[in-house]
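A.B. asks: Pasting structure-v9.txt below, which is compact mmCIF, C-alpha atoms.
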```
# COMPACT_ATOMS: atom_id res chain seq x y z
CA MET A 1 0.00 0.00 0.00
CA THR A 2 2.81 2.38 0.88
CA LEU A 3 4.51 1.67 -2.44
CA VAL A 4 1.34 2.53 -4.33
CA VAL A 5 0.98 5.78 -2.38
CA ALA A 6 4.62 6.64 -3.02
CA ALA A 7 4.23 5.88 -6.72
CA LEU A 8 1.18 8.10 -7.00
CA VAL A 9 2.87 10.92 -5.12
CA LEU A 10 6.00 10.74 -7.26
CA LEU A 11 4.00 10.57 -10.47
CA LEU A 12 1.93 13.57 -9.48
CA VAL A 13 4.98 15.61 -8.46
CA GLY A 14 6.92 14.71 -11.59
CA ALA A 15 3.96 15.38 -13.85
CA GLY A 16 3.47 18.73 -12.14
CA ILE A 17 7.07 19.74 -12.74
CA LEU A 18 6.94 18.71 -16.38
CA ALA A 19 3.63 20.47 -16.87
CA THR A 20 5.13 23.62 -15.36
CA GLY A 21 7.96 23.52 -17.85
CA LEU A 22 5.63 22.97 -20.77
CA MET A 23 3.36 25.82 -19.64
CA LEU A 24 6.11 28.42 -19.66
CA ARG A 25 5.32 29.47 -23.22
CA ARG A 26 1.63 29.91 -22.45
CA ARG A 27 2.50 31.85 -19.33
CA ALA A 28 4.75 34.18 -21.35
CA ARG A 29 1.86 34.89 -23.71
CA ALA A 30 -0.38 35.66 -20.75
CA GLU A 31 2.20 38.09 -19.38
CA ILE A 32 2.33 39.91 -22.71
CA GLU A 33 -1.45 40.22 -22.73
CA ASN A 34 -1.40 41.57 -19.19
CA ARG A 35 1.12 44.24 -20.16
CA LEU A 36 -1.23 45.33 -22.91
CA LYS A 37 -3.90 45.89 -20.25
CA LEU A 38 -1.83 47.98 -17.86
CA VAL A 39 -4.08 51.01 -18.15
CA ALA A 40 -6.87 50.34 -15.68
CA TYR A 41 -8.80 52.16 -13.04
CA PHE A 42 -8.93 51.23 -9.41
CA LYS A 43 -12.59 51.54 -8.42
CA ARG A 44 -13.41 52.42 -4.85
CA THR A 45 -16.97 52.06 -3.64
CA PRO A 46 -17.47 54.25 -0.56
CA ASN A 47 -19.70 52.93 2.19
CA SER A 48 -22.79 55.10 2.46
CA GLN A 49 -23.53 54.05 6.05
CA PRO A 50 -20.27 53.23 7.81
CA ASN A 51 -20.56 50.85 10.73
CA PRO A 52 -17.97 51.54 13.47
CA PHE A 53 -18.20 47.99 14.81
CA LYS A 54 -17.48 46.50 11.39
CA GLY A 55 -14.60 48.93 10.98
CA LEU A 56 -13.16 47.96 14.35
CA LEU A 57 -13.54 44.25 13.58
CA ARG A 58 -11.88 44.71 10.20
CA ALA A 59 -8.99 46.61 11.80
CA GLN A 60 -8.50 43.89 14.42
CA THR A 61 -8.56 41.22 11.72
CA ARG A 62 -5.92 43.08 9.72
CA GLU A 63 -3.76 43.42 12.84
CA ILE A 64 -4.03 39.68 13.56
CA ASP A 65 -3.12 38.88 9.95
CA ARG A 66 -0.17 41.25 10.11
CA ARG A 67 1.18 39.67 13.30
CA THR A 68 0.72 36.19 11.89
CA ARG A 69 2.62 37.12 8.74
CA ARG A 70 5.46 38.50 10.85
CA ILE A 71 5.98 35.02 12.29
CA PHE A 72 6.63 33.54 8.85
CA THR A 73 8.58 36.50 7.42
CA VAL A 74 11.45 36.66 9.90
CA GLY A 75 14.52 37.80 7.98
CA ILE A 76 12.59 38.94 4.88
CA GLU A 77 13.49 42.52 4.07
CA ARG A 78 10.29 43.65 2.33
CA ALA A 79 6.77 42.56 3.33
CA TRP A 80 4.57 45.52 2.36
CA ALA A 81 2.57 43.65 -0.30
CA MET A 82 1.76 40.50 1.68
CA GLN A 83 -2.00 40.11 2.16
CA THR A 84 -2.52 36.38 2.83
CA SER A 85 -4.89 35.85 5.74
CA THR A 86 -4.21 33.99 8.98
CA LEU A 87 -6.65 31.23 8.04
CA THR A 88 -4.90 30.52 4.74
CA LEU A 89 -1.47 30.49 6.36
CA SER A 90 -2.67 28.18 9.13
CA LEU A 91 -4.19 25.73 6.66
CA MET A 92 -1.04 25.79 4.56
CA ALA A 93 1.17 25.13 7.61
CA ALA A 94 -1.04 22.28 8.86
CA THR A 95 -1.28 20.63 5.44
CA SER A 96 2.47 20.81 4.89
CA ALA A 97 3.26 19.40 8.34
CA ILE A 98 0.80 16.50 7.94
CA THR A 99 2.09 15.66 4.45
CA VAL A 100 5.72 15.61 5.59
CA TRP A 101 4.79 13.54 8.64
CA ILE A 102 3.03 10.91 6.50
CA LEU A 103 5.85 10.70 3.97
CA ALA A 104 8.71 10.64 6.48
CA HIS A 105 7.18 8.49 9.23
CA SER A 106 5.04 6.05 7.23
CA LEU A 107 7.00 5.77 3.99
CA PHE A 108 10.65 6.23 4.97
CA HIS A 109 10.23 5.06 8.60
CA VAL A 110 12.18 8.03 9.96
CA SER A 111 12.39 8.40 13.72
CA THR A 112 9.68 10.36 15.48
CA LEU A 113 12.03 13.14 16.59
CA VAL A 114 13.40 13.72 13.09
CA THR A 115 9.90 13.53 11.62
CA LEU A 116 8.69 16.11 14.11
CA ALA A 117 11.55 18.44 13.17
CA LEU A 118 10.82 18.01 9.47
CA GLY A 119 7.11 18.68 10.04
CA LEU A 120 7.82 21.87 11.97
CA ALA A 121 10.21 23.02 9.25
CA ALA A 122 7.58 22.35 6.57
CA ALA A 123 4.92 24.16 8.62
CA PHE A 124 7.20 27.22 8.71
CA LEU A 125 8.66 27.13 5.21
CA ALA A 126 5.46 26.52 3.21
CA PRO A 127 3.63 29.72 4.36
CA ARG A 128 6.91 31.61 4.08
CA PHE A 129 7.23 30.51 0.45
CA ILE A 130 3.66 31.62 -0.29
CA LEU A 131 4.20 35.04 1.29
CA SER A 132 7.54 35.53 -0.46
CA ARG A 133 5.99 34.62 -3.79
CA GLU A 134 3.14 37.07 -3.18
CA GLN A 135 5.61 39.85 -2.37
CA LYS A 136 7.70 39.20 -5.49
CA ARG A 137 4.60 39.11 -7.69
CA ALA A 138 3.46 42.48 -6.31
CA GLU A 139 6.92 43.97 -6.81
CA ARG A 140 6.98 42.85 -10.45
CA LYS A 141 3.58 44.38 -11.04
CA PHE A 142 4.62 47.58 -9.26
CA THR A 143 7.68 47.84 -11.50
CA GLU A 144 5.50 47.41 -14.60
CA LEU A 145 2.96 50.04 -13.55
CA PHE A 146 5.34 52.55 -11.99
CA PRO A 147 6.53 54.27 -15.23
CA GLU A 148 2.94 55.22 -16.07
CA ALA A 149 2.52 56.62 -12.55
CA VAL A 150 5.69 58.69 -12.92
CA ASP A 151 4.46 60.03 -16.27
CA THR A 152 1.14 61.00 -14.67
CA VAL A 153 2.91 62.91 -11.92
CA ALA A 154 5.16 64.65 -14.48
CA ARG A 155 2.20 65.71 -16.65
CA MET A 156 0.26 67.11 -13.69
CA VAL A 157 3.29 69.01 -12.37
CA ARG A 158 3.88 70.46 -15.85
CA ALA A 159 0.24 71.60 -15.88
CA GLY A 160 0.85 73.59 -12.70
CA LEU A 161 -0.75 71.31 -10.12
CA PRO A 162 1.00 70.65 -6.79
CA ILE A 163 2.74 67.36 -6.19
CA THR A 164 0.16 66.41 -3.54
CA ALA A 165 -2.64 66.59 -6.11
CA ALA A 166 -0.56 64.52 -8.54
CA VAL A 167 0.01 61.83 -5.92
CA ARG A 168 -3.72 61.70 -5.11
CA SER A 169 -4.53 61.41 -8.82
CA VAL A 170 -2.22 58.40 -9.18
CA ALA A 171 -3.82 56.83 -6.10
CA VAL A 172 -7.27 57.13 -7.71
CA GLU A 173 -6.51 56.33 -11.34
CA SER A 174 -3.79 53.69 -11.16
CA SER A 175 -4.08 49.99 -10.34
CA PRO A 176 -2.85 48.10 -7.27
CA PRO A 177 -0.25 47.89 -5.89
CA VAL A 178 0.79 51.33 -7.19
CA SER A 179 -2.55 52.85 -6.18
CA ASP A 180 -2.21 51.46 -2.64
CA VAL A 181 1.28 52.91 -2.19
CA PHE A 182 0.34 56.35 -3.50
CA ALA A 183 -2.92 56.34 -1.52
CA ALA A 184 -0.96 55.78 1.69
CA ILE A 185 1.33 58.70 0.78
CA ALA A 186 -1.63 60.95 -0.05
CA ASP A 187 -3.41 60.07 3.21
CA GLN A 188 -0.34 60.99 5.27
CA LEU A 189 0.08 64.26 3.38
CA LYS A 190 -3.59 65.03 3.97
CA ILE A 191 -3.24 64.89 7.75
CA GLY A 192 -0.23 67.21 7.69
CA VAL A 193 2.81 64.95 7.78
CA PRO A 194 5.77 66.70 6.07
CA ILE A 195 6.37 65.42 2.57
CA GLU A 196 10.06 64.72 3.26
CA THR A 197 9.13 62.43 6.15
CA VAL A 198 6.42 60.66 4.14
CA LEU A 199 8.72 60.07 1.18
CA ASP A 200 11.57 58.80 3.35
CA GLU A 201 9.32 56.35 5.23
CA SER A 202 7.67 55.14 2.02
CA SER A 203 11.03 54.69 0.30
CA THR A 204 12.34 52.62 3.20
CA ARG A 205 9.19 50.49 3.36
CA ILE A 206 8.91 49.80 -0.38
CA GLY A 207 12.64 49.31 -0.88
CA LEU A 208 12.58 49.22 -4.70
CA PRO A 209 15.40 51.18 -6.43
CA ASP A 210 13.08 52.87 -8.95
CA PHE A 211 10.79 54.13 -6.20
CA ARG A 212 13.78 55.34 -4.20
CA PHE A 213 14.93 57.45 -7.17
CA PHE A 214 11.42 58.88 -7.45
CA THR A 215 11.23 59.90 -3.79
CA VAL A 216 14.75 61.37 -3.82
CA ALA A 217 13.93 63.47 -6.91
CA ILE A 218 10.80 64.92 -5.31
CA ALA A 219 12.56 65.54 -1.97
CA LEU A 220 15.43 67.36 -3.69
CA GLN A 221 12.99 69.45 -5.70
CA TYR A 222 11.24 70.52 -2.52
CA ALA A 223 14.53 71.31 -0.79
CA THR A 224 16.50 73.02 -3.57
CA GLY A 225 14.09 73.60 -6.46
CA GLY A 226 14.69 72.61 -10.05
CA ASN A 227 12.96 71.14 -13.07
CA LEU A 228 11.06 68.23 -11.51
CA THR A 229 9.18 67.43 -14.73
CA GLN A 230 12.33 66.77 -16.74
CA THR A 231 13.80 64.67 -13.93
CA LEU A 232 10.69 62.50 -13.74
CA GLU A 233 10.57 62.03 -17.51
CA ILE A 234 14.21 60.87 -17.53
CA LEU A 235 13.47 58.51 -14.63
CA SER A 236 10.46 57.05 -16.44
CA ASP A 237 12.54 56.45 -19.58
CA ILE A 238 15.29 54.72 -17.56
CA ILE A 239 12.76 52.45 -15.83
CA ARG A 240 11.26 51.43 -19.17
CA LYS A 241 14.67 50.65 -20.65
CA ARG A 242 15.60 48.52 -17.64
CA ARG A 243 12.32 46.63 -17.93
CA ALA A 244 12.95 46.00 -21.61
CA MET A 245 16.41 44.60 -20.80
CA ARG A 246 14.92 42.31 -18.15
CA LEU A 247 12.36 40.99 -20.63
CA LYS A 248 15.08 40.35 -23.23
CA SER A 249 17.23 38.47 -20.73
CA LYS A 250 14.20 36.45 -19.60
CA ALA A 251 13.46 35.48 -23.19
CA ALA A 252 17.11 34.53 -23.74
CA THR A 253 17.09 32.22 -20.69
CA GLY A 254 13.76 30.57 -21.50
CA GLU A 255 15.39 27.43 -22.88
CA ILE A 256 17.45 27.04 -19.70
CA ARG A 257 14.33 27.26 -17.53
CA ILE A 258 12.52 24.61 -19.56
CA THR A 259 15.59 22.38 -19.40
CA ALA A 260 15.73 22.76 -15.61
CA TYR A 261 12.08 21.77 -15.19
CA THR A 262 12.46 18.84 -17.57
CA LEU A 263 15.64 17.46 -16.01
CA GLY A 264 14.18 17.87 -12.55
CA GLY A 265 10.95 16.10 -13.41
CA LEU A 266 12.27 13.13 -15.37
CA PRO A 267 13.90 11.28 -12.42
CA ILE A 268 10.72 11.61 -10.36
CA VAL A 269 8.55 10.36 -13.21
CA THR A 270 10.96 7.48 -13.81
CA VAL A 271 10.90 6.39 -10.17
CA GLY A 272 7.12 6.63 -10.09
CA ALA A 273 6.83 4.51 -13.23
CA LEU A 274 9.16 1.87 -11.77
CA LEU A 275 7.08 1.72 -8.61
CA VAL A 276 4.02 0.98 -10.73
CA LEU A 277 5.61 -1.44 -13.23
CA GLN A 278 8.28 -3.14 -11.07
CA PRO A 279 7.57 -2.41 -7.39
CA LYS A 280 10.10 -4.94 -6.11
CA TYR A 281 12.93 -3.30 -8.05
CA LEU A 282 13.05 -0.31 -5.68
CA VAL A 283 12.09 -2.10 -2.46
CA PRO A 284 15.66 -1.85 -1.00
CA LEU A 285 15.38 1.93 -1.13
CA TRP A 286 12.49 1.85 1.35
CA VAL A 287 13.40 -1.09 3.66
CA ASP A 288 17.18 -0.75 3.86
CA PRO A 289 18.73 2.15 5.83
CA ARG A 290 21.34 2.50 3.10
CA GLY A 291 18.51 2.98 0.63
CA HIS A 292 17.16 5.82 2.76
CA LEU A 293 20.57 7.48 2.57
CA ILE A 294 20.69 7.07 -1.21
CA VAL A 295 17.22 8.59 -1.60
CA ALA A 296 18.14 11.52 0.65
CA ILE A 297 21.38 12.21 -1.24
CA ALA A 298 19.65 11.94 -4.63
CA GLY A 299 16.89 14.32 -3.56
CA ALA A 300 19.40 16.79 -2.14
CA LEU A 301 21.47 16.73 -5.34
CA LEU A 302 18.38 17.27 -7.50
CA LEU A 303 17.30 20.18 -5.32
CA LEU A 304 20.81 21.67 -5.40
CA ALA A 305 20.96 21.40 -9.20
CA PHE A 306 17.56 23.05 -9.57
CA ILE A 307 18.49 25.88 -7.19
CA SER A 308 21.80 26.43 -8.98
CA MET A 309 20.16 26.71 -12.41
CA ARG A 310 17.47 28.99 -11.02
CA TRP A 311 20.11 31.20 -9.38
CA MET A 312 22.06 31.48 -12.65
CA VAL A 313 18.92 32.39 -14.58
CA ARG A 314 17.93 35.04 -12.05
CA SER A 315 21.45 36.47 -12.01
CA ALA A 316 21.31 36.90 -15.77
CA SER A 317 17.87 38.56 -15.68
CA ASN A 318 18.41 40.76 -12.62
CA ILE A 319 19.21 44.01 -14.37
```
Could you spell out this file's structure in structure tokens?

C.D. replies:
Amino acid sequence: MTLVVAALVLLLVGAGILATGLMLRRRARAEIENRLKLVAYFKRTPNSQPNPFKGLLRAQTREIDRRTRRIFTVGIERAWAMQTSTLTLSLMAATSAITVWILAHSLFHVSTLVTLALGLAAAFLAPRFILSREQKRAERKFTELFPEAVDTVARMVRAGLPITAAVRSVAVESSPPVSDVFAAIADQLKIGVPIETVLDESSTRIGLPDFRFFTVAIALQYATGGNLTQTLEILSDIIRKRRAMRLKSKAATGEIRITAYTLGGLPIVTVGALLVLQPKYLVPLWVDPRGHLIVAIAGALLLLAFISMRWMVRSASNI
């Protein structure tokens, strides 16, 4: 029974990895279509009859979610775009711990202490991976939308409007996460916080180089004067050129990514097929302690190879 379960698990994991590699082309097409739809409006529907109790409950829920996310984001530098709820993170942690417990204790017959340690590690790493992925996705989208926001600010400043009105306009007309960031800046300016303080805090919290350049340009303009419109136009052009270079490098490394997914999935699919066709052939790997060591080393080497190829691809595309 355990061999059948292991075969099914390995087949599903291997098929998932191969499917991910084969879907890269379709995903690239979807990304191109999304870039063609960057111009969008963030609709806000004001509440005609605000309920203070609902507002208090919503604020408490957000605070609980924020504290829960802090548990899984220890050591992560930027966490401003993470929105996953406590319930989702708890379910993810419990599912990961139970899955690792079943595989390690029932399939590989690992000791209870080691299984407990692996389960706790999985319960911590799985939500952390989800939150990190959410943050990176929001940062990519912010980088794509930010040049349009800079152009909007430049046009409004050229028309004679103050920078505060330009920031509020971006908060209303742009799409998340750009609209959320600029809305927070506009709200702080509205209650009288100095613009230098707001820009410095926002720059530290967001942490993206392009946004840092934007805040520094505005702060210098307020302190010393100068042609802010021309500075913002140059910044917008630089951001677009950097994005174009990143897309070119990503396209150039597409074959390497597909190769990594394929090479990583083939051993898992092969082992799963052998468990179905010739179950006795791999029995020593599950019943002999030396087989456990071989499986652990093979898995570690596969993971190391995948991480190495992924690191090389990201190094080439991190422009």

A.B. asks: Determine the nearest neighbour of Thr61 of chain A from the options A:Ile76, A:Leu87, A:Ala123, A:Leu208, counting all atoms listed in the file.

C.D. replies: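 Result for the nearest residue to Thr61 of chain A: A:Leu87.
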
A.B. asks: Which is closer to Phe182 of chain A than all the others in A:Phe211, A:Ala138, A:Gly75, A:Thr204, using all atoms listed in the file?

C.D. replies: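 When distances to Phe182 of chain A are compared using all atoms listed in the file, the smallest one comes from A:Phe211.
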
A.B. asks: List every residue of segment 181-264 of chain A that has an atom at most 10 Å from any atom of segment 160-163 of chain A, and for each one report the closest atom pair and its distance in Å to one decimal, counting all atoms listed in the file, with rows sorted by chain and then by increasing residue number, as a Markdown table.

C.D. replies:
```
| residue | atom | partner | partner_atom | distance |
| --- | --- | --- | --- | --- |
| A:Ala186 | CA | A:Ile163 | CA | 9.9 |
| A:Ile195 | CA | A:Ile163 | CA | 9.7 |
| A:Ile218 | CA | A:Ile163 | CA | 8.5 |
| A:Tyr222 | CA | A:Ile163 | CA | 9.8 |
| A:Leu228 | CA | A:Ile163 | CA | 9.9 |
```

A.B. asks: Between atom CA of Ala171 of chain A and atom CA of Thr152 of chain A, what is the distance in Å, rounded to a tenth?

C.D. replies: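 Computing the Euclidean distance for atom CA of Ala171 of chain A and atom CA of Thr152 of chain A yields 10.7 Å.
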
A.B. asks: Would you mind telling me which residue in A:Met92, A:Leu145, A:Leu125, A:Gly119 lies nearest to Ala104 of chain A when using all atoms listed in the file?

C.D. replies: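 Result for the nearest residue to Ala104 of chain A: A:Gly119.
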
A.B. asks: Do you know which residues are at most 10 Å from Arg212 of chain A counting only C-alpha atoms, after dropping those on the same chain fewer than 6 positions away, and could you put them as an MDAnalysis selection string?

C.D. replies: chainID A and resid 199:200 202:204 206

A.B. asks: Suppose we keep C-alpha atoms; can you now write the selection as a PDB file, keeping the file's coordinate frame?

C.D. replies:
```
ATOM      1  CA  LEU A 199       8.720  60.070   1.180  1.00  0.00           C
ATOM      2  CA  ASP A 200      11.570  58.800   3.350  1.00  0.00           C
ATOM      3  CA  SER A 202       7.670  55.140   2.020  1.00  0.00           C
ATOM      4  CA  SER A 203      11.030  54.690   0.300  1.00  0.00           C
ATOM      5  CA  THR A 204      12.340  52.620   3.200  1.00  0.00           C
ATOM      6  CA  ILE A 206       8.910  49.800  -0.380  1.00  0.00           C
TER       7      ILE A 206
END
```

A.B. asks: Could you jot down the atom CA of Gly225 of chain A to atom CA of Glu196 of chain A separation for me, Å, one decimal place?

C.D. replies: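 About the pair atom CA of Gly225 of chain A and atom CA of Glu196 of chain A: they are 13.8 Å apart.
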
A.B. asks: One decimal, in Å: what's the spacing between atom CA of Glu77 of chain A and atom CA of Lys136 of chain A?

C.D. replies: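 Taking atom CA of Glu77 of chain A and atom CA of Lys136 of chain A, their separation equals 11.7 Å.
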